[in-house]
file entry_0.cif (mmCIF, C-alpha atoms)
data_upload
loop_
_atom_site.group_PDB
_atom_site.id
_atom_site.type_symbol
_atom_site.label_atom_id
_atom_site.label_comp_id
_atom_site.auth_asym_id
_atom_site.auth_seq_id
_atom_site.Cartn_x
_atom_site.Cartn_y
_atom_site.Cartn_z
ATOM 1 C CA MET A 22 10.553 -5.592 17.692
ATOM 2 C CA SER A 23 10.209 -3.657 20.948
ATOM 3 C CA PRO A 24 8.481 -0.262 20.647
ATOM 4 C CA VAL A 25 10.488 2.877 21.349
ATOM 5 C CA ARG A 26 9.426 5.988 23.236
ATOM 6 C CA PRO A 27 7.137 8.255 21.146
ATOM 7 C CA PHE A 28 8.055 11.835 20.313
ATOM 8 C CA GLY A 29 6.626 14.493 22.600
ATOM 9 C CA PRO A 30 3.659 16.609 21.408
ATOM 10 C CA LEU A 31 5.743 19.582 20.231
ATOM 11 C CA GLU A 32 8.319 17.517 18.358
ATOM 12 C CA ARG A 33 5.540 15.437 16.815
ATOM 13 C CA VAL A 34 3.832 18.563 15.441
ATOM 14 C CA LEU A 35 7.130 19.899 14.113
ATOM 15 C CA ARG A 36 7.980 16.615 12.419
ATOM 16 C CA PHE A 37 4.568 16.313 10.776
ATOM 17 C CA ALA A 38 4.902 19.900 9.566
ATOM 18 C CA LEU A 39 8.399 19.299 8.194
ATOM 19 C CA ALA A 40 7.309 16.118 6.408
ATOM 20 C CA TRP A 41 4.396 17.999 4.867
ATOM 21 C CA MET A 42 6.754 20.748 3.686
ATOM 22 C CA VAL A 43 8.856 18.090 1.938
ATOM 23 C CA PHE A 44 5.847 16.279 0.465
ATOM 24 C CA ALA A 45 3.522 19.121 -0.559
ATOM 25 C CA PRO A 46 5.613 20.782 -3.338
ATOM 26 C CA THR A 47 6.168 17.489 -5.180
ATOM 27 C CA ALA A 48 2.530 16.436 -4.735
ATOM 28 C CA THR A 49 1.411 19.828 -6.026
ATOM 29 C CA LEU A 50 3.568 19.440 -9.139
ATOM 30 C CA VAL A 51 2.058 16.002 -9.757
ATOM 31 C CA LEU A 52 -1.400 17.484 -9.187
ATOM 32 C CA LEU A 53 -0.730 20.216 -11.752
ATOM 33 C CA ALA A 54 0.797 17.857 -14.326
ATOM 34 C CA ALA A 55 -1.824 15.104 -14.072
ATOM 35 C CA PRO A 56 -4.680 16.921 -15.919
ATOM 36 C CA PHE A 57 -2.461 17.277 -18.990
ATOM 37 C CA LEU A 58 -1.872 13.510 -18.929
ATOM 38 C CA LEU A 59 -5.484 12.400 -18.487
ATOM 39 C CA PRO A 60 -5.533 10.252 -21.658
ATOM 40 C CA TRP A 61 -2.477 8.302 -20.434
ATOM 41 C CA ARG A 62 -3.321 6.695 -17.112
ATOM 42 C CA GLY A 63 -0.265 4.445 -17.135
ATOM 43 C CA VAL A 64 1.994 7.481 -17.479
ATOM 44 C CA ARG A 65 0.235 9.231 -14.604
ATOM 45 C CA VAL A 66 0.585 6.231 -12.290
ATOM 46 C CA ARG A 67 4.280 5.841 -13.105
ATOM 47 C CA LEU A 68 4.923 9.574 -12.714
ATOM 48 C CA SER A 69 3.420 9.625 -9.221
ATOM 49 C CA TYR A 70 5.534 6.677 -8.104
ATOM 50 C CA ARG A 71 8.744 8.118 -9.521
ATOM 51 C CA ALA A 72 8.037 11.368 -7.709
ATOM 52 C CA MET A 73 7.399 9.602 -4.411
ATOM 53 C CA ASN A 74 10.383 7.273 -4.874
ATOM 54 C CA ALA A 75 12.498 10.426 -5.163
ATOM 55 C CA ILE A 76 11.240 12.202 -2.047
ATOM 56 C CA GLY A 77 10.260 9.207 0.109
ATOM 57 C CA PRO A 78 13.571 9.038 2.017
ATOM 58 C CA ALA A 79 13.363 12.747 2.839
ATOM 59 C CA VAL A 80 9.741 12.466 4.018
ATOM 60 C CA PHE A 81 10.546 9.638 6.427
ATOM 61 C CA ALA A 82 13.740 11.356 7.585
ATOM 62 C CA ALA A 83 11.588 14.387 8.431
ATOM 63 C CA LEU A 84 9.240 12.131 10.398
ATOM 64 C CA GLY A 85 12.246 10.723 12.259
ATOM 65 C CA ILE A 86 11.422 7.143 11.231
ATOM 66 C CA PRO A 87 14.398 4.966 10.195
ATOM 67 C CA LEU A 88 13.595 2.742 7.220
ATOM 68 C CA ASP A 89 15.134 -0.534 6.164
ATOM 69 C CA ALA A 90 14.015 -1.287 2.608
ATOM 70 C CA ARG A 91 15.495 -2.224 -0.736
ATOM 71 C CA PRO A 92 15.607 0.630 -3.273
ATOM 72 C CA PRO A 93 12.575 0.612 -5.580
ATOM 73 C CA ARG A 94 14.777 -0.084 -8.621
ATOM 74 C CA GLU A 95 15.713 -3.465 -7.141
ATOM 75 C CA LEU A 96 12.035 -4.464 -7.127
ATOM 76 C CA GLU A 97 11.393 -3.402 -10.732
ATOM 77 C CA PRO A 98 12.123 -6.908 -12.126
ATOM 78 C CA LEU A 99 9.126 -8.135 -10.082
ATOM 79 C CA THR A 100 6.674 -5.831 -11.834
ATOM 80 C CA PRO A 101 3.966 -5.954 -12.923
ATOM 81 C CA ALA A 102 2.756 -7.904 -9.905
ATOM 82 C CA ILE A 103 0.057 -7.922 -7.257
ATOM 83 C CA PHE A 104 1.826 -6.646 -4.146
ATOM 84 C CA VAL A 105 0.028 -7.698 -0.965
ATOM 85 C CA ILE A 106 0.879 -5.955 2.320
ATOM 86 C CA ASN A 107 -0.048 -6.391 5.970
ATOM 87 C CA HIS A 108 -1.941 -3.286 7.100
ATOM 88 C CA SER A 109 -1.274 -1.989 10.599
ATOM 89 C CA SER A 110 -0.417 1.714 10.409
ATOM 90 C CA SER A 111 -1.260 5.090 8.906
ATOM 91 C CA LEU A 112 2.200 4.857 7.355
ATOM 92 C CA ASP A 113 1.321 1.969 5.045
ATOM 93 C CA THR A 114 0.082 4.061 2.109
ATOM 94 C CA PRO A 115 3.031 6.512 2.041
ATOM 95 C CA LEU A 116 5.384 3.574 2.615
ATOM 96 C CA THR A 117 4.145 1.640 -0.391
ATOM 97 C CA ILE A 118 3.969 4.682 -2.667
ATOM 98 C CA SER A 119 7.515 5.640 -1.674
ATOM 99 C CA TRP A 120 9.126 2.207 -1.900
ATOM 100 C CA LEU A 121 7.340 0.148 -4.531
ATOM 101 C CA PRO A 122 8.535 0.586 -8.128
ATOM 102 C CA PRO A 123 6.762 2.648 -10.808
ATOM 103 C CA GLY A 124 4.090 0.747 -12.655
ATOM 104 C CA THR A 125 2.218 -0.155 -9.473
ATOM 105 C CA CYS A 126 -1.323 1.165 -9.094
ATOM 106 C CA GLY A 127 -2.572 1.906 -5.586
ATOM 107 C CA VAL A 128 -5.977 1.118 -4.095
ATOM 108 C CA ALA A 129 -7.340 3.284 -1.269
ATOM 109 C CA LYS A 130 -10.738 3.908 0.277
ATOM 110 C CA LYS A 131 -12.632 6.818 -1.275
ATOM 111 C CA GLU A 132 -12.278 8.902 1.907
ATOM 112 C CA ALA A 133 -8.604 9.427 0.965
ATOM 113 C CA LEU A 134 -9.851 11.921 -1.639
ATOM 114 C CA TYR A 135 -10.589 14.387 1.160
ATOM 115 C CA VAL A 136 -6.978 14.540 2.384
ATOM 116 C CA PRO A 137 -5.720 17.930 1.130
ATOM 117 C CA ILE A 138 -3.317 17.746 -1.841
ATOM 118 C CA PHE A 139 -2.531 14.058 -1.256
ATOM 119 C CA GLY A 140 -6.037 12.807 -2.017
ATOM 120 C CA GLN A 141 -6.455 14.892 -5.155
ATOM 121 C CA ALA A 142 -2.954 14.019 -6.434
ATOM 122 C CA TYR A 143 -3.588 10.324 -5.692
ATOM 123 C CA TRP A 144 -6.838 10.273 -7.647
ATOM 124 C CA LEU A 145 -5.623 12.375 -10.585
ATOM 125 C CA SER A 146 -2.516 10.175 -10.816
ATOM 126 C CA GLY A 147 -4.760 7.285 -11.798
ATOM 127 C CA HIS A 148 -4.855 5.299 -8.570
ATOM 128 C CA LEU A 149 -8.118 3.662 -7.541
ATOM 129 C CA LEU A 150 -10.416 5.050 -4.852
ATOM 130 C CA LEU A 151 -12.749 2.292 -3.671
ATOM 131 C CA ASP A 152 -16.216 2.736 -2.155
ATOM 132 C CA ARG A 153 -16.082 -0.141 0.325
ATOM 133 C CA LYS A 154 -19.546 0.663 1.699
ATOM 134 C CA ASN A 155 -21.149 -0.024 -1.684
ATOM 135 C CA PRO A 156 -20.262 -3.569 -2.854
ATOM 136 C CA GLU A 157 -21.730 -3.042 -6.330
ATOM 137 C CA ARG A 158 -19.646 0.087 -6.950
ATOM 138 C CA ALA A 159 -16.586 -1.600 -5.448
ATOM 139 C CA ARG A 160 -16.902 -4.538 -7.842
ATOM 140 C CA ALA A 161 -17.347 -2.202 -10.812
ATOM 141 C CA SER A 162 -14.260 -0.235 -9.749
ATOM 142 C CA MET A 163 -12.228 -3.439 -9.475
ATOM 143 C CA ASP A 164 -13.360 -4.508 -12.956
ATOM 144 C CA ARG A 165 -12.180 -1.154 -14.326
ATOM 145 C CA LEU A 166 -8.884 -1.565 -12.472
ATOM 146 C CA VAL A 167 -8.280 -4.979 -14.070
ATOM 147 C CA ALA A 168 -8.921 -3.477 -17.520
ATOM 148 C CA VAL A 169 -6.485 -0.636 -16.829
ATOM 149 C CA MET A 170 -3.841 -3.031 -15.500
ATOM 150 C CA LYS A 171 -4.027 -5.126 -18.661
ATOM 151 C CA ARG A 172 -4.037 -2.135 -20.998
ATOM 152 C CA HIS A 173 -1.079 -0.342 -19.379
ATOM 153 C CA ARG A 174 0.882 -3.314 -17.986
ATOM 154 C CA LEU A 175 0.416 -2.102 -14.422
ATOM 155 C CA GLY A 176 0.675 -4.001 -11.175
ATOM 156 C CA VAL A 177 -1.277 -3.162 -8.046
ATOM 157 C CA VAL A 178 -0.655 -2.909 -4.299
ATOM 158 C CA MET A 179 -3.418 -3.997 -1.924
ATOM 159 C CA SER A 180 -4.018 -4.614 1.763
ATOM 160 C CA PRO A 181 -6.359 -7.632 1.819
ATOM 161 C CA GLU A 182 -7.189 -7.101 5.502
ATOM 162 C CA GLY A 183 -9.260 -4.126 4.339
ATOM 163 C CA THR A 184 -8.855 -1.994 7.444
ATOM 164 C CA ARG A 185 -5.803 -1.394 9.603
ATOM 165 C CA SER A 186 -5.120 -3.834 12.379
ATOM 166 C CA ALA A 187 -5.546 -2.058 15.720
ATOM 167 C CA ASP A 188 -2.866 -4.145 17.455
ATOM 168 C CA GLY A 189 -0.563 -4.765 14.488
ATOM 169 C CA ARG A 190 -1.455 -8.446 14.242
ATOM 170 C CA LEU A 191 -2.419 -9.932 10.888
ATOM 171 C CA LYS A 192 -6.162 -10.259 10.315
ATOM 172 C CA ALA A 193 -8.176 -12.389 7.902
ATOM 173 C CA PHE A 194 -7.914 -11.597 4.181
ATOM 174 C CA LYS A 195 -10.658 -10.507 1.827
ATOM 175 C CA LYS A 196 -10.599 -12.043 -1.670
ATOM 176 C CA GLY A 197 -10.272 -8.971 -3.899
ATOM 177 C CA PHE A 198 -6.592 -9.493 -4.672
ATOM 178 C CA ALA A 199 -7.249 -13.129 -5.607
ATOM 179 C CA HIS A 200 -9.984 -12.166 -8.066
ATOM 180 C CA ILE A 201 -7.524 -9.742 -9.688
ATOM 181 C CA ALA A 202 -4.973 -12.555 -9.861
ATOM 182 C CA LEU A 203 -7.508 -14.792 -11.629
ATOM 183 C CA ALA A 204 -8.235 -12.045 -14.151
ATOM 184 C CA THR A 205 -4.623 -11.008 -14.844
ATOM 185 C CA ARG A 206 -2.530 -14.084 -13.932
ATOM 186 C CA LEU A 207 0.052 -11.748 -12.407
ATOM 187 C CA PRO A 208 2.181 -13.184 -9.588
ATOM 188 C CA VAL A 209 1.357 -12.262 -5.992
ATOM 189 C CA VAL A 210 4.289 -10.740 -4.089
ATOM 190 C CA PRO A 211 3.762 -10.532 -0.302
ATOM 191 C CA ILE A 212 5.333 -7.430 1.278
ATOM 192 C CA VAL A 213 6.067 -7.715 4.994
ATOM 193 C CA ILE A 214 5.953 -4.431 6.911
ATOM 194 C CA THR A 215 7.302 -4.603 10.456
ATOM 195 C CA GLY A 216 7.519 -1.885 13.097
ATOM 196 C CA ALA A 217 5.065 0.515 11.456
ATOM 197 C CA GLN A 218 2.403 -0.237 14.082
ATOM 198 C CA HIS A 219 4.727 1.328 16.681
ATOM 199 C CA ALA A 220 6.056 4.156 14.492
ATOM 200 C CA TRP A 221 2.558 5.492 13.757
ATOM 201 C CA PRO A 222 -0.158 3.372 15.409
ATOM 202 C CA ALA A 223 -3.467 2.991 13.611
ATOM 203 C CA ARG A 224 -6.164 5.585 14.381
ATOM 204 C CA THR A 225 -3.787 7.816 16.369
ATOM 205 C CA LEU A 226 -1.525 10.806 15.803
ATOM 206 C CA ARG A 227 1.271 9.325 17.901
ATOM 207 C CA LEU A 228 4.662 9.213 16.215
ATOM 208 C CA ALA A 229 7.818 7.418 17.342
ATOM 209 C CA PRO A 230 11.353 6.930 15.933
ATOM 210 C CA GLN A 231 10.629 3.236 15.525
ATOM 211 C CA PRO A 232 12.635 1.477 12.795
ATOM 212 C CA VAL A 233 10.353 0.206 10.028
ATOM 213 C CA ARG A 234 11.320 -2.601 7.686
ATOM 214 C CA LEU A 235 9.827 -3.535 4.309
ATOM 215 C CA ARG A 236 10.691 -6.899 2.826
ATOM 216 C CA ALA A 237 9.470 -8.468 -0.430
ATOM 217 C CA LEU A 238 8.952 -12.227 -0.235
ATOM 218 C CA ALA A 239 9.231 -14.650 -3.136
ATOM 219 C CA PRO A 240 6.591 -14.194 -5.870
ATOM 220 C CA ILE A 241 3.699 -16.678 -5.779
ATOM 221 C CA PRO A 242 2.679 -17.796 -9.293
ATOM 222 C CA THR A 243 -1.035 -17.657 -10.049
ATOM 223 C CA ASP A 244 -1.135 -19.413 -13.445
ATOM 224 C CA ASP A 245 -2.799 -22.491 -11.949
ATOM 225 C CA TRP A 246 -5.273 -20.653 -9.697
ATOM 226 C CA ARG A 247 -8.912 -21.588 -10.289
ATOM 227 C CA PRO A 248 -12.175 -20.023 -9.057
ATOM 228 C CA GLU A 249 -13.197 -23.240 -7.294
ATOM 229 C CA THR A 250 -9.978 -23.236 -5.220
ATOM 230 C CA LEU A 251 -9.902 -19.498 -4.521
ATOM 231 C CA ASP A 252 -10.246 -19.858 -0.751
ATOM 232 C CA GLU A 253 -7.185 -22.117 -0.681
ATOM 233 C CA HIS A 254 -5.103 -19.580 -2.609
ATOM 234 C CA VAL A 255 -6.162 -16.735 -0.323
ATOM 235 C CA GLN A 256 -5.228 -18.846 2.697
ATOM 236 C CA GLN A 257 -1.877 -19.718 1.116
ATOM 237 C CA VAL A 258 -0.900 -16.053 0.699
ATOM 238 C CA TRP A 259 -2.164 -15.228 4.192
ATOM 239 C CA GLN A 260 -0.076 -18.047 5.661
ATOM 240 C CA VAL A 261 3.082 -16.919 3.850
ATOM 241 C CA LEU A 262 2.701 -13.443 5.327
ATOM 242 C CA ALA A 263 1.800 -14.782 8.781
ATOM 243 C CA ASP A 264 4.892 -17.013 8.844
ATOM 244 C CA ALA A 265 7.158 -14.089 7.906
ATOM 245 C CA LEU A 266 5.885 -11.663 10.562
ATOM 246 C CA PRO A 267 7.565 -11.264 13.964
ATOM 247 C CA GLU A 268 5.841 -12.725 17.001
ATOM 248 C CA ASP A 269 4.133 -9.491 18.043
ATOM 249 C CA GLN A 270 2.476 -9.206 14.599
ATOM 250 C CA LYS A 271 1.493 -12.829 14.040
ATOM 251 C CA PRO A 272 -2.234 -13.591 14.252
ATOM 252 C CA LEU A 273 -3.394 -14.961 17.559
ATOM 253 C CA PRO A 274 -4.585 -18.574 17.532
ATOM 254 C CA ALA A 275 -8.319 -18.938 17.056
ATOM 255 C CA GLU A 276 -10.055 -19.819 20.280
#
call {"tool": "encode", "arguments": {"input": "entry_0.cif", "output": "structure tokens"}}
result
Amino acid sequence: MSPVRPFGPLERVLRFALAWMVFAPTATLVLLAAPFLLPWRGVRVRLSYRAMNAIGPAVFAALGIPLDARPPRELEPLTPAIFVINHSSSLDTPLTISWLPPGTCGVAKKEALYVPIFGQAYWLSGHLLLDRKNPERARASMDRLVAVMKRHRLGVVMSPEGTRSADGRLKAFKKGFAHIALATRLPVVPIVITGAQHAWPARTLRLAPQPVRLRALAPIPTDDWRPETLDEHVQQVWQVLADALPEDQKPLPAE
């Protein structure tokens, strides 16, 4: 997918401002409602996704980014599941929250809490904020997430690369999603995101009217996964995603 010309500085500022005006009222309502629903984490997670499913098209229209994705309701039969995405853009979190079905818990780094309105709404909605710099706390958080998923019949969306790919190409996977699969036996559903690395490149504020496509691949059963073959299962999921990506997002051959 060839990149398109980015918006100029003024239009970029205006589009970010317009998208925020669309997003902020709904996020504020979720933020205000969430404290009253603290005992019901599953309800909070589903509420946040339904809210974002409703306004997602308007947010991306405001950003000037054309989207090609199935409606969230068409993915509902796949849930609960472990959705695994390739991670190449600042758009990935709003994309997944807007287009994955309710009943899917998000996982973000703890720094997301400091994003005004979004971070607080994300946390109060019951999604997981992970301290990646502290492995012991990260493991404890993941254990709590597994317990919540089982109790509330929730799925989860994760980016196993950990950090965004600077050039849009798929990087090696960490094993967190596979450990969750072992604990829950939920299927793994790879989600291929293409074009996002040009629409909003990682670690920049550049914005372009680049078409972005989200595509759910066939679920991968995990009933027969075993701890001793975990590396093979991680590699299997990685390979499925790598094969489905366009040439400019495929991993480069190891030298």
call {"tool": "resolve_selection", "arguments": {"input": "entry_0.cif", "expression": "the PyMOL selection byres ((chain A and resi 47) around 10)", "output": "list in words"}}
result
Met42, Val43, Phe44, Ala45, Pro46, Ala48, Thr49, Leu50, Val51, Leu52, Leu53, Ser69, Ala72, Met73, Ala75, Ile76 and Ala142 of chain A
call {"tool": "resolve_selection", "arguments": {"input": "entry_0.cif", "expression": "the PyMOL selection byres ((chain A and resi 251) around 12)", "output": "compact mmCIF listing (two decimals) with C-alpha atoms, in the coordinates of the input"}}
result
# COMPACT_ATOMS: atom_id res chain seq x y z
CA PHE A 194 -7.91 -11.60 4.18
CA LYS A 195 -10.66 -10.51 1.83
CA LYS A 196 -10.60 -12.04 -1.67
CA GLY A 197 -10.27 -8.97 -3.90
CA PHE A 198 -6.59 -9.49 -4.67
CA ALA A 199 -7.25 -13.13 -5.61
CA HIS A 200 -9.98 -12.17 -8.07
CA ILE A 201 -7.52 -9.74 -9.69
CA ALA A 202 -4.97 -12.56 -9.86
CA LEU A 203 -7.51 -14.79 -11.63
CA THR A 243 -1.03 -17.66 -10.05
CA ASP A 245 -2.80 -22.49 -11.95
CA TRP A 246 -5.27 -20.65 -9.70
CA ARG A 247 -8.91 -21.59 -10.29
CA PRO A 248 -12.18 -20.02 -9.06
CA GLU A 249 -13.20 -23.24 -7.29
CA THR A 250 -9.98 -23.24 -5.22
CA ASP A 252 -10.25 -19.86 -0.75
CA GLU A 253 -7.18 -22.12 -0.68
CA HIS A 254 -5.10 -19.58 -2.61
CA VAL A 255 -6.16 -16.74 -0.32
CA GLN A 256 -5.23 -18.85 2.70
CA GLN A 257 -1.88 -19.72 1.12
CA VAL A 258 -0.90 -16.05 0.70
call {"tool": "closest_residue", "arguments": {"input": "entry_0.cif", "among": "A:Thr125, A:Ser186, A:Ser162, A:Gln260", "to": "Leu99 of chain A", "atoms": "all atoms listed in the file"}}
result
A:Thr125
call {"tool": "closest_residue", "arguments": {"input": "entry_0.cif", "among": "A:Trp61, A:Phe81, A:Phe37, A:Tyr143", "to": "Lys130 of chain A", "atoms": "all atoms listed in the file"}}
result
A:Tyr143
call {"tool": "axis_aligned_box", "arguments": {"input": "entry_0.cif", "around": "segment 35-42 of chain A", "padding_each_side": "6 Å", "output": "JSON"}}
result
{"center_x": 6.4, "center_y": 18.4, "center_z": 8.9, "size_x": 16.0, "size_y": 16.6, "size_z": 22.4}
call {"tool": "atom_distance", "arguments": {"input": "entry_0.cif", "atom1": "atom CA of Val64 of chain A", "atom2": "atom CA of Val80 of chain A"}}
result
23.4 Å
call {"tool": "residues_around", "arguments": {"input": "entry_0.cif", "residues": "segment 100-114 of chain A", "least_positions_apart": "3", "cutoff": "7 Å", "atoms": "only C-alpha atoms", "output": "MDAnalysis selection string"}}
result
chainID A and resid 97 117:118 124:125 174:182 185:187 189 191 207:214 217:218 221:223
call {"tool": "atom_distance", "arguments": {"input": "entry_0.cif", "atom1": "atom CA of Ile138 of chain A", "atom2": "atom CA of Lys171 of chain A"}}
result
28.4 Å
call {"tool": "atom_distance", "arguments": {"input": "entry_0.cif", "atom1": "atom CA of Asn74 of chain A", "atom2": "atom CA of Ile86 of chain A"}}
result
16.1 Å
call {"tool": "resolve_selection", "arguments": {"input": "entry_0.cif", "expression": "the PyMOL selection byres ((chain A and resi 132) around 12)", "output": "PyMOL selection string"}}
result
chain A and resi 128-131+133-137+139-141+143-144+149-154
call {"tool": "closest_residue", "arguments": {"input": "entry_0.cif", "among": "A:Val261, A:Ala161, A:Leu228, A:Leu58", "to": "Leu35 of chain A", "atoms": "all atoms listed in the file"}}
result
A:Leu228
call {"tool": "residues_around", "arguments": {"input": "entry_0.cif", "residues": "Lys271 of chain A", "least_positions_apart": "3", "cutoff": "7 Å", "atoms": "all atoms listed in the file", "output": "list in words"}}
result
Arg190, Leu191, Ala263, Leu266, Pro267 and Glu268 of chain A
call {"tool": "build_atoms", "arguments": {"input": "entry_0.cif", "residues": "segment 120-133 of chain A", "atoms": "N, CA and C atoms", "output": "CSV table (one decimal), in the frame of the given file"}}
result
chain,number,residue,atom,x,y,z
A,120,TRP,N,8.1,3.3,-1.8
A,120,TRP,CA,9.1,2.2,-1.9
A,120,TRP,C,8.8,1.1,-2.9
A,121,LEU,N,7.6,1.1,-3.5
A,121,LEU,CA,7.3,0.1,-4.5
A,121,LEU,C,7.7,0.8,-5.9
A,122,PRO,N,8.1,0.0,-6.9
A,122,PRO,CA,8.5,0.6,-8.1
A,122,PRO,C,7.4,1.2,-9.0
A,123,PRO,N,7.8,2.1,-9.9
A,123,PRO,CA,6.8,2.6,-10.8
A,123,PRO,C,6.1,1.5,-11.6
A,124,GLY,N,4.9,1.8,-12.0
A,124,GLY,CA,4.1,0.7,-12.7
A,124,GLY,C,3.2,0.0,-11.7
A,125,THR,N,3.1,0.5,-10.5
A,125,THR,CA,2.2,-0.2,-9.5
A,125,THR,C,1.1,0.8,-9.1
A,126,CYS,N,-0.1,0.3,-9.4
A,126,CYS,CA,-1.3,1.2,-9.1
A,126,CYS,C,-1.8,0.9,-7.7
A,127,GLY,N,-2.1,2.0,-7.0
A,127,GLY,CA,-2.6,1.9,-5.6
A,127,GLY,C,-4.1,1.8,-5.5
A,128,VAL,N,-4.5,1.2,-4.4
A,128,VAL,CA,-6.0,1.1,-4.1
A,128,VAL,C,-6.2,1.7,-2.7
A,129,ALA,N,-7.1,2.7,-2.6
A,129,ALA,CA,-7.3,3.3,-1.3
A,129,ALA,C,-8.8,3.5,-1.1
A,130,LYS,N,-9.3,3.6,0.1
A,130,LYS,CA,-10.7,3.9,0.3
A,130,LYS,C,-11.0,5.3,-0.2
A,131,LYS,N,-12.3,5.6,-0.6
A,131,LYS,CA,-12.6,6.8,-1.3
A,131,LYS,C,-12.4,8.0,-0.4
A,132,GLU,N,-12.5,7.8,1.0
A,132,GLU,CA,-12.3,8.9,1.9
A,132,GLU,C,-10.9,9.6,1.8
A,133,ALA,N,-9.9,8.8,1.2
A,133,ALA,CA,-8.6,9.4,1.0
A,133,ALA,C,-8.7,10.7,0.1
